[in-house]
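Worksheet: one structure, shown below.
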Amino acid sequence: MSELRRHWTPTAVAFLVLAVAGLVGTWTFNVFAIVQMRDFIGDLVSSGPAVSSITVDLMVVAIAGSIFIIVEGRRLGMRFAWLYIVLSGVTAFAFTFPLFLAMRQRRLTARRSSPDSPA
């Protein structure tokens, strides 16, 4: 059991909590859209300038975050980091990005506590 708890810093736990909040929050509204048979993509771009502004804002952040995931994942040797980006299309970037940050934090903590890593 202690192996499961290894490297979970308060920062990693905070990111994990945000990931869960992102998943629950986005999927609550996704379910509403499905039940109401809404045109999800159409609603994003045609429900007025405020919604379009938020859509562009979040799209730019998601693209920047995706680049960060790839670059940082490679730097830290995190296998399958690209999978976070792919899964964001099925779940939400509000879930996968904080989840990546939590796993990244665990990786950084593990590297620091490794006896053969430089301090």
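In the structure tokens, chains take letters A, B, ... by order of appearance, with residues numbered from 1 within each chain and ligands from 1 in the order shown.
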
Write out as CSV a residue-level contact list of segment 27-109 of chain A versus segment 4-17 of chain A with cut-off 7 Å: for each qualifying residue the closest pair of atoms and the distance in Å to one decimal, counting only C-alpha atoms, rows sorted by chain and residue number upward.
```
residue,atom,partner,partner_atom,distance
A:Pro98,CA,A:Phe15,CA,5.0
A:Leu99,CA,A:Leu16,CA,5.6
A:Leu101,CA,A:Phe15,CA,6.2
A:Ala102,CA,A:Ala12,CA,4.2
A:Gln105,CA,A:Ala12,CA,5.4
A:Arg106,CA,A:His7,CA,5.0
A:Thr109,CA,A:His7,CA,5.5
```

**Study point:** Shell around Ile67 of chain A at 12 Å using only C-alpha atoms, local window under 6 positions removed, as a VMD selection string
**Key:** chain A and resid 60 to 61 73 to 74 81 to 82 84 to 85 97

Review point. By how many Å are atom CA of Gly22 of chain A and atom CA of Phe95 of chain A apart?
Key: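 Result for atom CA of Gly22 of chain A versus atom CA of Phe95 of chain A: 4.7 Å, one decimal.
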
Practice item. Find the residue from A:Val24, A:Leu18, A:Leu58, A:Arg112 that sits nearest to Thr91 of chain A; use only C-alpha atoms when measuring. Key: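 Comparing A:Val24, A:Leu18, A:Leu58, A:Arg112 against Thr91 of chain A, the winner is A:Val24.
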
Check your understanding: In terms of the shortest atom-to-atom distance over only C-alpha atoms, which of A:Ile41, A:Thr96, A:Val71, A:Val31 is closest to Leu83 of chain A?
Key ->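 Smallest separation from Leu83 of chain A among the options: A:Thr96.
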
Review point. So what do you get for atom CA of Ile69 of chain A versus atom CA of Phe100 of chain A, distance-wise?
Key: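 Computing the Euclidean distance for atom CA of Ile69 of chain A and atom CA of Phe100 of chain A yields 7.3 Å.
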